[in-house]
$ cat model-v4.cif   # mmCIF, C-alpha atoms (C1' of nucleotides)
data_target
loop_
_atom_site.label_atom_id
_atom_site.label_comp_id
_atom_site.auth_asym_id
_atom_site.auth_seq_id
_atom_site.Cartn_x
_atom_site.Cartn_y
_atom_site.Cartn_z
CA MET A 1 -20.61 -22.96 60.87
CA LYS A 2 -18.54 -20.96 58.43
CA GLU A 3 -18.76 -17.28 59.19
CA ILE A 4 -19.06 -16.03 55.69
CA LEU A 5 -21.12 -13.07 56.78
CA ARG A 6 -18.19 -11.55 58.64
CA GLU A 7 -15.91 -11.93 55.67
CA ILE A 8 -18.49 -10.34 53.42
CA GLY A 9 -18.95 -7.46 55.83
CA MET A 10 -15.24 -6.79 55.98
CA ILE A 11 -14.85 -6.87 52.22
CA ALA A 12 -17.84 -4.65 51.63
CA ARG A 13 -16.85 -2.02 54.16
CA ALA A 14 -13.27 -1.95 52.90
CA LEU A 15 -14.26 -1.56 49.28
CA ASP A 16 -16.96 0.98 49.99
CA SER A 17 -14.55 2.99 52.05
CA ILE A 18 -11.99 2.98 49.25
CA SER A 19 -14.55 3.97 46.63
CA ASN A 20 -15.88 6.84 48.68
CA ILE A 21 -12.39 8.22 49.11
CA GLU A 22 -11.57 7.82 45.44
CA PHE A 23 -14.78 9.36 44.11
CA LYS A 24 -14.43 12.56 46.08
CA GLU A 25 -12.23 13.60 43.21
CA PHE A 26 -15.39 13.76 41.09
CA ASP A 27 -17.40 15.59 43.75
CA LEU A 28 -19.39 12.49 44.57
CA THR A 29 -20.12 12.17 48.26
CA LYS A 30 -20.54 9.01 50.27
CA GLY A 31 -22.65 6.37 48.56
CA GLN A 32 -23.61 8.42 45.52
CA TYR A 33 -21.64 6.30 43.11
CA LEU A 34 -23.92 3.36 43.89
CA TYR A 35 -26.91 5.17 42.49
CA LEU A 36 -25.19 6.90 39.62
CA VAL A 37 -23.72 3.78 37.98
CA ARG A 38 -27.03 2.02 38.10
CA ILE A 39 -28.91 4.95 36.64
CA CYS A 40 -26.38 5.18 33.83
CA GLU A 41 -26.79 1.51 33.10
CA ASN A 42 -30.57 1.58 33.45
CA PRO A 43 -31.76 4.97 32.29
CA GLY A 44 -35.40 5.51 33.19
CA ILE A 45 -35.19 3.35 36.28
CA ILE A 46 -37.26 4.47 39.25
CA GLN A 47 -36.21 4.97 42.83
CA GLU A 48 -37.96 1.91 44.20
CA GLN A 49 -36.13 -0.39 41.80
CA LEU A 50 -32.88 1.25 42.77
CA VAL A 51 -33.68 0.63 46.42
CA ASP A 52 -34.14 -3.07 45.69
CA MET A 53 -30.93 -3.25 43.71
CA ILE A 54 -28.81 -1.47 46.27
CA LYS A 55 -30.51 -2.65 49.45
CA VAL A 56 -30.81 0.65 51.15
CA ASP A 57 -33.58 2.49 52.95
CA ARG A 58 -36.10 4.35 50.84
CA SER A 59 -35.51 7.60 52.64
CA THR A 60 -31.77 7.33 52.20
CA ALA A 61 -32.30 6.85 48.50
CA THR A 62 -34.61 9.85 48.28
CA ARG A 63 -31.99 12.13 49.73
CA ALA A 64 -29.06 10.67 47.84
CA LEU A 65 -31.00 11.16 44.59
CA GLN A 66 -32.04 14.68 45.53
CA LYS A 67 -28.41 15.52 45.96
CA LEU A 68 -27.44 13.94 42.67
CA VAL A 69 -30.07 16.13 41.02
CA ILE A 70 -28.85 19.28 42.76
CA ASN A 71 -25.28 18.55 41.71
CA ASP A 72 -26.44 17.93 38.16
CA PHE A 73 -25.42 14.28 37.87
CA ILE A 74 -28.94 13.03 37.15
CA GLU A 75 -32.43 14.32 36.45
CA LYS A 76 -35.89 13.18 37.40
CA LYS A 77 -38.54 13.02 34.70
CA GLU A 78 -42.22 12.38 35.17
CA ASP A 79 -43.80 9.40 33.54
CA PRO A 80 -46.66 10.25 31.15
CA TYR A 81 -48.75 7.28 32.28
CA ASN A 82 -48.02 7.25 35.98
CA LYS A 83 -47.92 10.37 38.07
CA LYS A 84 -46.53 8.56 41.07
CA ILE A 85 -43.19 7.50 39.71
CA LYS A 86 -40.21 9.56 38.64
CA ARG A 87 -37.88 8.18 36.05
CA LEU A 88 -34.20 8.78 36.57
CA PHE A 89 -31.72 9.68 33.86
CA PRO A 90 -28.07 10.66 33.87
CA THR A 91 -27.18 14.17 32.71
CA GLU A 92 -24.23 14.86 30.45
CA LYS A 93 -22.13 15.41 33.54
CA GLY A 94 -23.30 12.13 34.98
CA LYS A 95 -22.52 10.28 31.77
CA LYS A 96 -19.03 11.74 31.81
CA VAL A 97 -18.26 10.45 35.27
CA TYR A 98 -19.64 7.00 34.60
CA PRO A 99 -16.56 5.53 32.87
CA PHE A 100 -14.38 6.52 35.81
CA ILE A 101 -16.64 4.82 38.31
CA LYS A 102 -16.85 1.78 36.10
CA ARG A 103 -13.10 1.67 35.77
CA GLU A 104 -12.55 2.00 39.49
CA ASN A 105 -15.04 -0.73 40.23
CA GLU A 106 -13.40 -3.02 37.73
CA HIS A 107 -10.07 -2.34 39.33
CA SER A 108 -11.47 -3.29 42.70
CA ASP A 109 -12.89 -6.50 41.27
CA LEU A 110 -9.48 -7.22 39.84
CA VAL A 111 -7.77 -6.61 43.15
CA ALA A 112 -10.33 -8.75 44.94
CA LEU A 113 -9.75 -11.65 42.55
CA LYS A 114 -5.98 -11.44 42.50
CA GLY A 115 -4.52 -14.93 42.44
CA PHE A 116 -7.79 -16.47 41.29
CA SER A 117 -7.90 -18.76 38.30
CA GLU A 118 -10.58 -18.21 35.69
CA LYS A 119 -12.52 -21.11 37.17
CA GLU A 120 -12.25 -19.81 40.70
CA ALA A 121 -13.43 -16.37 39.69
CA GLU A 122 -16.43 -17.90 37.98
CA ALA A 123 -17.15 -20.02 41.02
CA ALA A 124 -16.91 -17.02 43.33
CA PHE A 125 -19.35 -15.04 41.25
CA ASP A 126 -21.76 -17.92 41.02
CA LEU A 127 -21.70 -18.59 44.74
CA LEU A 128 -22.09 -14.92 45.57
CA GLN A 129 -25.07 -14.56 43.32
CA ARG A 130 -26.74 -17.47 45.04
CA ILE A 131 -25.97 -16.04 48.45
CA ARG A 132 -27.37 -12.69 47.39
CA LYS A 133 -30.58 -14.26 46.16
CA ASN A 134 -30.96 -16.16 49.43
CA VAL A 135 -30.35 -13.09 51.51
CA GLU A 136 -32.52 -10.63 49.65
CA LYS A 137 -35.63 -12.61 50.42
CA ASP A 138 -35.06 -12.09 54.13
CA TRP A 139 -34.20 -8.47 53.60
CA GLU A 140 -37.43 -7.75 51.79
CA SER A 141 -39.37 -9.55 54.46
CA VAL A 142 -37.69 -7.92 57.45
CA LYS A 143 -37.90 -4.50 55.82
CA LYS A 144 -41.65 -4.97 55.53
CA GLY A 145 -41.79 -5.48 59.28
CA ASN A 146 -41.86 -9.27 59.46
CA LYS A 147 -39.89 -11.06 62.12
CA ARG A 148 -37.43 -13.86 61.53
CA ASP A 149 -37.37 -16.86 63.84
CA TYR A 150 -33.94 -17.89 64.95
CA MET B 1 -15.11 -8.98 34.35
CA LYS B 2 -17.32 -10.53 36.98
CA GLU B 3 -18.88 -7.88 39.17
CA ILE B 4 -18.46 -9.63 42.45
CA LEU B 5 -18.12 -6.35 44.29
CA ARG B 6 -21.72 -5.43 43.58
CA GLU B 7 -22.98 -8.76 44.79
CA ILE B 8 -20.92 -8.43 47.94
CA GLY B 9 -22.22 -4.92 48.53
CA MET B 10 -25.82 -6.04 48.19
CA ILE B 11 -25.37 -8.97 50.53
CA ALA B 12 -23.55 -6.93 53.13
CA ARG B 13 -26.05 -4.08 53.16
CA ALA B 14 -28.99 -6.47 53.33
CA LEU B 15 -27.56 -8.48 56.20
CA ASP B 16 -26.39 -5.43 58.11
CA SER B 17 -29.79 -3.88 57.72
CA ILE B 18 -31.48 -7.00 59.05
CA SER B 19 -29.12 -7.27 62.00
CA ASN B 20 -29.58 -3.67 63.00
CA ILE B 21 -33.34 -4.10 63.02
CA GLU B 22 -33.16 -7.33 64.99
CA PHE B 23 -30.71 -6.08 67.61
CA LYS B 24 -32.76 -3.06 68.57
CA GLU B 25 -34.58 -5.52 70.78
CA PHE B 26 -31.43 -5.62 72.93
CA ASP B 27 -30.96 -1.84 72.89
CA LEU B 28 -28.06 -2.10 70.51
CA THR B 29 -28.04 0.71 67.98
CA LYS B 30 -26.72 0.66 64.45
CA GLY B 31 -23.39 -1.11 64.08
CA GLN B 32 -22.79 -1.80 67.75
CA TYR B 33 -23.14 -5.54 67.42
CA LEU B 34 -20.05 -5.61 65.23
CA TYR B 35 -17.89 -4.37 68.07
CA LEU B 36 -19.57 -6.25 70.88
CA VAL B 37 -19.21 -9.76 69.41
CA ARG B 38 -15.56 -9.22 68.70
CA ILE B 39 -14.85 -7.89 72.15
CA CYS B 40 -16.63 -10.86 73.69
CA GLU B 41 -14.56 -13.21 71.59
CA ASN B 42 -11.32 -11.32 72.16
CA PRO B 43 -11.47 -9.80 75.62
CA GLY B 44 -8.66 -7.31 76.14
CA ILE B 45 -8.56 -6.33 72.49
CA ILE B 46 -7.79 -2.70 71.74
CA GLN B 47 -9.66 -0.28 69.54
CA GLU B 48 -7.10 -0.21 66.77
CA GLN B 49 -7.24 -3.98 66.32
CA LEU B 50 -11.00 -3.77 66.22
CA VAL B 51 -10.77 -1.13 63.54
CA ASP B 52 -8.65 -3.46 61.42
CA MET B 53 -11.01 -6.35 61.95
CA ILE B 54 -14.15 -4.44 61.14
CA LYS B 55 -12.80 -2.04 58.51
CA VAL B 56 -14.27 1.11 59.85
CA ASP B 57 -12.95 4.58 60.53
CA ARG B 58 -11.09 5.14 63.77
CA SER B 59 -13.35 7.96 64.82
CA THR B 60 -16.44 5.90 64.17
CA ALA B 61 -15.04 3.19 66.38
CA THR B 62 -14.22 5.64 69.15
CA ARG B 63 -17.80 6.80 69.33
CA ALA B 64 -19.40 3.41 68.95
CA LEU B 65 -17.25 2.15 71.82
CA GLN B 66 -17.99 5.19 73.95
CA LYS B 67 -21.64 4.41 73.56
CA LEU B 68 -21.18 0.74 74.39
CA VAL B 69 -19.45 1.86 77.59
CA ILE B 70 -22.21 4.31 78.48
CA ASN B 71 -24.85 1.66 77.94
CA ASP B 72 -22.86 -0.76 80.06
CA PHE B 73 -22.14 -3.39 77.42
CA ILE B 74 -18.36 -3.09 77.67
CA GLU B 75 -15.69 -1.42 79.77
CA LYS B 76 -12.32 0.11 79.00
CA LYS B 77 -9.38 -0.79 81.19
CA GLU B 78 -5.95 0.78 81.16
CA ASP B 79 -2.98 -1.33 80.39
CA PRO B 80 -0.34 -1.38 83.14
CA TYR B 81 2.54 -1.29 80.65
CA ASN B 82 1.18 1.04 78.01
CA LYS B 83 -0.63 4.23 78.87
CA LYS B 84 -1.73 4.81 75.31
CA ILE B 85 -3.93 1.81 74.79
CA LYS B 86 -7.22 0.90 76.41
CA ARG B 87 -8.17 -2.73 76.68
CA LEU B 88 -11.79 -3.60 76.03
CA PHE B 89 -13.83 -6.12 77.99
CA PRO B 90 -17.47 -7.14 77.96
CA THR B 91 -19.50 -6.45 81.09
CA GLU B 92 -21.95 -8.97 82.50
CA LYS B 93 -24.66 -7.33 80.45
CA GLY B 94 -22.50 -7.57 77.35
CA LYS B 95 -21.78 -11.22 77.97
CA LYS B 96 -25.49 -11.88 78.31
CA VAL B 97 -26.31 -10.41 74.95
CA TYR B 98 -23.50 -12.19 73.15
CA PRO B 99 -25.25 -15.54 72.61
CA PHE B 100 -28.18 -13.80 70.96
CA ILE B 101 -25.96 -11.95 68.54
CA LYS B 102 -24.05 -15.12 67.83
CA ARG B 103 -27.23 -17.01 67.21
CA GLU B 104 -28.62 -14.38 64.91
CA ASN B 105 -25.41 -14.27 62.93
CA GLU B 106 -25.38 -18.01 62.59
CA HIS B 107 -28.93 -17.91 61.36
CA SER B 108 -27.97 -15.38 58.72
CA ASP B 109 -25.07 -17.56 57.63
CA LEU B 110 -27.47 -20.43 57.35
CA VAL B 111 -29.91 -18.43 55.28
CA ALA B 112 -27.10 -17.20 53.06
CA LEU B 113 -25.91 -20.74 52.41
CA LYS B 114 -29.31 -22.27 51.85
CA GLY B 115 -29.12 -24.82 49.06
CA PHE B 116 -25.35 -25.10 49.34
CA SER B 117 -23.65 -28.44 49.67
CA GLU B 118 -21.00 -28.91 52.34
CA LYS B 119 -18.36 -28.58 49.65
CA GLU B 120 -19.87 -25.44 48.20
CA ALA B 121 -20.08 -23.81 51.61
CA GLU B 122 -16.45 -24.59 52.23
CA ALA B 123 -15.51 -23.24 48.84
CA ALA B 124 -17.45 -20.05 49.44
CA PHE B 125 -15.73 -19.45 52.73
CA ASP B 126 -12.33 -20.14 51.28
CA LEU B 127 -12.84 -17.83 48.32
CA LEU B 128 -14.24 -15.08 50.52
CA GLN B 129 -11.28 -15.25 52.86
CA ARG B 130 -8.94 -14.86 49.95
CA ILE B 131 -10.91 -11.94 48.58
CA ARG B 132 -10.86 -10.31 51.99
CA LYS B 133 -7.13 -10.67 52.30
CA ASN B 134 -6.65 -9.18 48.86
CA VAL B 135 -8.90 -6.27 49.58
CA GLU B 136 -7.67 -5.38 53.03
CA LYS B 137 -4.22 -4.56 51.69
CA ASP B 138 -5.69 -1.83 49.51
CA TRP B 139 -7.89 -0.62 52.32
CA GLU B 140 -4.98 -0.17 54.68
CA SER B 141 -3.01 1.62 52.01
CA VAL B 142 -5.79 3.96 50.89
CA LYS B 143 -6.74 4.71 54.48
CA LYS B 144 -3.18 5.86 55.08
CA GLY B 145 -3.59 8.36 52.27
CA ASN B 146 -1.94 6.45 49.42
CA LYS B 147 -3.44 6.58 45.96
CA ARG B 148 -4.31 3.59 43.84
CA ASP B 149 -3.53 3.61 40.14
CA TYR B 150 -6.35 2.43 37.93
"C1'" DT C 1 19.77 11.13 74.75
"C1'" DT C 2 17.49 13.87 71.68
"C1'" DT C 3 14.87 13.96 67.56
"C1'" DA C 4 11.86 12.12 64.31
"C1'" DA C 5 8.30 8.92 62.97
"C1'" DT C 6 4.56 5.88 64.12
"C1'" DT C 7 0.71 4.25 66.80
"C1'" DT C 8 -3.37 5.00 69.28
"C1'" DG C 9 -7.09 7.61 70.51
"C1'" DT C 10 -10.07 11.69 70.69
"C1'" DT C 11 -12.92 15.85 69.14
"C1'" DG C 12 -15.26 19.35 65.72
"C1'" DC C 13 -17.74 19.69 61.98
"C1'" DA C 14 -20.67 18.33 58.11
"C1'" DA C 15 -22.93 14.88 56.06
"C1'" DA C 16 -25.30 10.39 55.32
"C1'" DT C 17 -28.41 7.08 57.32
"C1'" DG C 18 -32.71 5.09 58.62
"C1'" DC C 19 -36.96 4.53 61.37
"C1'" DA C 20 -41.65 6.74 61.74
"C1'" DA C 21 -45.20 8.85 60.15
"C1'" DC C 22 -47.16 10.60 56.40
"C1'" DA C 23 -49.39 11.70 51.57
"C1'" DA C 24 -50.62 10.80 47.01
"C1'" DA C 25 -51.27 7.80 43.05
"C1'" DC C 26 -52.46 3.51 41.66
"C1'" DA C 27 -54.37 -1.36 41.81
"C1'" DA C 28 -57.49 -4.80 43.52
"C1'" DA C 29 -61.73 -6.27 45.65
"C1'" DG C 30 -66.33 -5.66 46.89
"C1'" DC D 1 -68.21 3.06 41.60
"C1'" DT D 2 -66.50 2.91 46.03
"C1'" DT D 3 -63.63 1.05 49.38
"C1'" DT D 4 -59.59 -1.09 50.73
"C1'" DG D 5 -54.92 -2.22 50.15
"C1'" DT D 6 -50.41 -1.53 47.94
"C1'" DT D 7 -46.77 1.08 45.79
"C1'" DT D 8 -43.93 5.00 45.52
"C1'" DG D 9 -42.02 8.91 47.35
"C1'" DT D 10 -41.14 12.52 50.77
"C1'" DT D 11 -40.12 14.87 55.36
"C1'" DG D 12 -38.90 15.24 60.71
"C1'" DC D 13 -35.85 13.79 63.89
"C1'" DA D 14 -32.26 11.47 66.07
"C1'" DT D 15 -28.27 8.95 65.23
"C1'" DT D 16 -24.23 7.22 63.02
"C1'" DT D 17 -20.42 8.05 60.01
"C1'" DG D 18 -16.01 9.74 58.58
"C1'" DC D 19 -12.55 13.18 57.09
"C1'" DA D 20 -9.47 16.65 59.37
"C1'" DA D 21 -6.89 18.20 62.61
"C1'" DC D 22 -5.11 17.30 66.73
"C1'" DA D 23 -2.67 15.35 71.18
"C1'" DA D 24 -0.21 12.10 73.73
"C1'" DA D 25 2.33 7.89 74.27
"C1'" DT D 26 5.46 4.83 72.21
"C1'" DT D 27 9.04 3.26 69.10
"C1'" DA D 28 12.87 3.97 65.86
"C1'" DA D 29 16.65 6.51 64.29
"C1'" DA D 30 20.37 9.65 64.60
#

$ encode --input "model-v4.cif" --output "structure tokens"
Amino acid sequence: MKEILREIGMIARALDSISNIEFKEFDLTKGQYLYLVRICENPGIIQEQLVDMIKVDRSTATRALQKLVINDFIEKKEDPYNKKIKRLFPTEKGKKVYPFIKRENEHSDLVALKGFSEKEAEAAFDLLQRIRKNVEKDWESVKKGNKRDY
Amino acid sequence: MKEILREIGMIARALDSISNIEFKEFDLTKGQYLYLVRICENPGIIQEQLVDMIKVDRSTATRALQKLVINDFIEKKEDPYNKKIKRLFPTEKGKKVYPFIKRENEHSDLVALKGFSEKEAEAAFDLLQRIRKNVEKDWESVKKGNKRDY
DNA sequence: TTTAATTTGTTGCAAATGCAACAAACAAAG
DNA sequence: CTTTGTTTGTTGCATTTGCAACAAATTAAA
């Protein structure tokens, strides 16, 4: 059995660690960049969708978003038709930081794919997407309290 | 530019989240399984090597290992030739838990690779290893305080 | 050998993380 | 319409996480 999960864990921790260090320059604390990019790319998105995209606990998201609001990177707006949800939008400050995050992320992708041919890069992306889709089913299930048999 | 980094982040967080939930059954708290499997597979390994394998902060490792010692999963032994390092070994209790962790991890690998042909699985592993090697160079550099240009 | 640099490991904060337990709005079922 | 279930979001609490700043042992250099 190929231990792809360990490789993925190493890569993810390394890249996340790097990003967190690099984004301190913009006064973004640990993990915040994850939320901010996605809100910039999907203005009006709600927290629960963000949670599904990022794969993080709901309570963690609540607090990360609260802090992004306090530090004026995003704002929460009520929906006229649904009092339960809060739509998230980047502020001017948030929009200004976005290109830097984007650029850094692209650089990391570039580093990750160094030495890859066009074909290989495509293949990697394709395979990873499939893995992600496979894995997120289990995540949703386990998060809801279901048990996996193994 | 293919955003493989996002896919990898999603997969890693989802799988880590699942593992942490599943290993509570064995009284392992968040992240501890990462250290324990590697110590079981590399008895006598030292903390710094573990840090490089897992890609985590040194101080985080110190505390995770302290807790594994307290809960009797591992023990630290001094090296006769080097007073600085502490060699890590699984206890009986640690050895007993190992197969369950291993099994769970294998199950997750299996889930991740569902629908993959033998060839595709091989390809995925190969590509991931290359990505990991690319990324760990930057991680080591940035962790030492160097800046990346992007 | 003495000095300087590197490796390895630990603590003190301050902060993020996530499981529970909850509440409120909404949707579905009766 | 009322009841029941689901979705969305928040807090309390305990824990993990990681940057700094440090100390001690080891290795390299002078």

$ closest_atom_pairs --input "model-v4.cif" --of "chain A" --to "chain D" --cutoff "8 Å" --atoms "all atoms listed in the file" --output "tab-separated table"
residue	atom	partner	partner_atom	distance
A:Glu48	CA	D:DT8	C1'	6.9
A:Ser59	CA	D:DT10	C1'	7.7
A:Thr62	CA	D:DT10	C1'	7.5
A:Lys84	CA	D:DT8	C1'	6.3
A:Ile85	CA	D:DT8	C1'	6.4

$ closest_atom_pairs --input "model-v4.cif" --of "chain C" --to "chain B" --cutoff "8 Å" --atoms "all atoms listed in the file" --output "tab-separated table"
residue	atom	partner	partner_atom	distance
C:DT8	C1'	B:Lys84	CA	6.3
C:DG9	C1'	B:Thr62	CA	7.5
C:DT10	C1'	B:Thr62	CA	7.5

$ resolve_selection --input "model-v4.cif" --expression "the PyMOL selection byres ((chain B) within 8 of (chain A))" --output "PyMOL selection string"
chain B and resi 1-5+7-15+17-18+53-56+103-109+111-114+120-122+124-125+127-129+131-132+134-136+138-139+142-143+150

$ axis_aligned_box --input "model-v4.cif" --around "range 118-126 of chain B" --padding-each-side "6 Å" --output "AutoDock Vina command-line options"
--center_x -16.7 --center_y -24.2 --center_z 50.5 --size_x 20.7 --size_y 21.5 --size_z 16.5

$ residues_around --input "model-v4.cif" --residues "Asn71 in chain B" --least-positions-apart "4" --cutoff "9 Å" --atoms "all atoms listed in the file" --output "PyMOL selection string"
chain B and resi 27-28+66-67

$ atom_distance --input "model-v4.cif" --atom1 "CA of Gln49 in chain B" --atom2 "CA of Pro80 in chain B"
18.4 Å

$ atom_distance --input "model-v4.cif" --atom1 "CA of Asn20 in chain A" --atom2 "CA of Gln32 in chain A"
8.5 Å

$ atom_distance --input "model-v4.cif" --atom1 "CA of Glu78 in chain A" --atom2 "C1' of DT17 in chain C"
26.6 Å

$ closest_residue --input "model-v4.cif" --among "A:Lys144, A:Leu36, A:Asp79, A:Glu25" --to "Lys93 in chain A" --atoms "only C-alpha atoms"
A:Leu36

$ residues_around --input "model-v4.cif" --residues "Gly94 in chain A" --least-positions-apart "6" --cutoff "10 Å" --atoms "all atoms listed in the file" --output "mmCIF file with C-alpha atoms, in the frame of the given file"
data_model
loop_
_atom_site.group_PDB
_atom_site.id
_atom_site.type_symbol
_atom_site.label_atom_id
_atom_site.label_comp_id
_atom_site.auth_asym_id
_atom_site.auth_seq_id
_atom_site.Cartn_x
_atom_site.Cartn_y
_atom_site.Cartn_z
ATOM 1 C CA LEU A 36 -25.190 6.900 39.620
ATOM 2 C CA VAL A 37 -23.720 3.780 37.980
ATOM 3 C CA ILE A 39 -28.910 4.950 36.640
ATOM 4 C CA CYS A 40 -26.380 5.180 33.830
ATOM 5 C CA LEU A 68 -27.440 13.940 42.670
ATOM 6 C CA VAL A 69 -30.070 16.130 41.020
ATOM 7 C CA ASN A 71 -25.280 18.550 41.710
ATOM 8 C CA ASP A 72 -26.440 17.930 38.160
ATOM 9 C CA PHE A 73 -25.420 14.280 37.870
ATOM 10 C CA ILE A 74 -28.940 13.030 37.150
ATOM 11 C CA GLU A 75 -32.430 14.320 36.450
#

$ residues_around --input "model-v4.cif" --residues "Arg87 in chain B" --least-positions-apart "3" --cutoff "6 Å" --atoms "only C-alpha atoms (C1' of nucleotides)" --output "VMD selection string"
chain B and resid 44 to 46 76 to 77

$ write_last_selection --input "model-v4.cif" --atoms "C-alpha atoms" --output "short mmCIF file (atom, residue, chain, number, x, y, z; two decimals), keeping the file's coordinate frame"
data_model
loop_
_atom_site.label_atom_id
_atom_site.label_comp_id
_atom_site.auth_asym_id
_atom_site.auth_seq_id
_atom_site.Cartn_x
_atom_site.Cartn_y
_atom_site.Cartn_z
CA GLY B 44 -8.66 -7.31 76.14
CA ILE B 45 -8.56 -6.33 72.49
CA ILE B 46 -7.79 -2.70 71.74
CA LYS B 76 -12.32 0.11 79.00
CA LYS B 77 -9.38 -0.79 81.19
#

$ residues_around --input "model-v4.cif" --residues "Pro43 in chain B" --least-positions-apart "6" --cutoff "9 Å" --atoms "only C-alpha atoms (C1' of nucleotides)" --output "PyMOL selection string"
chain B and resi 87-90

$ closest_residue --input "model-v4.cif" --among "A:Glu92, A:Asn82, A:Ile101, A:Ser117" --to "Tyr35 in chain A" --atoms "only C-alpha atoms"
A:Ile101
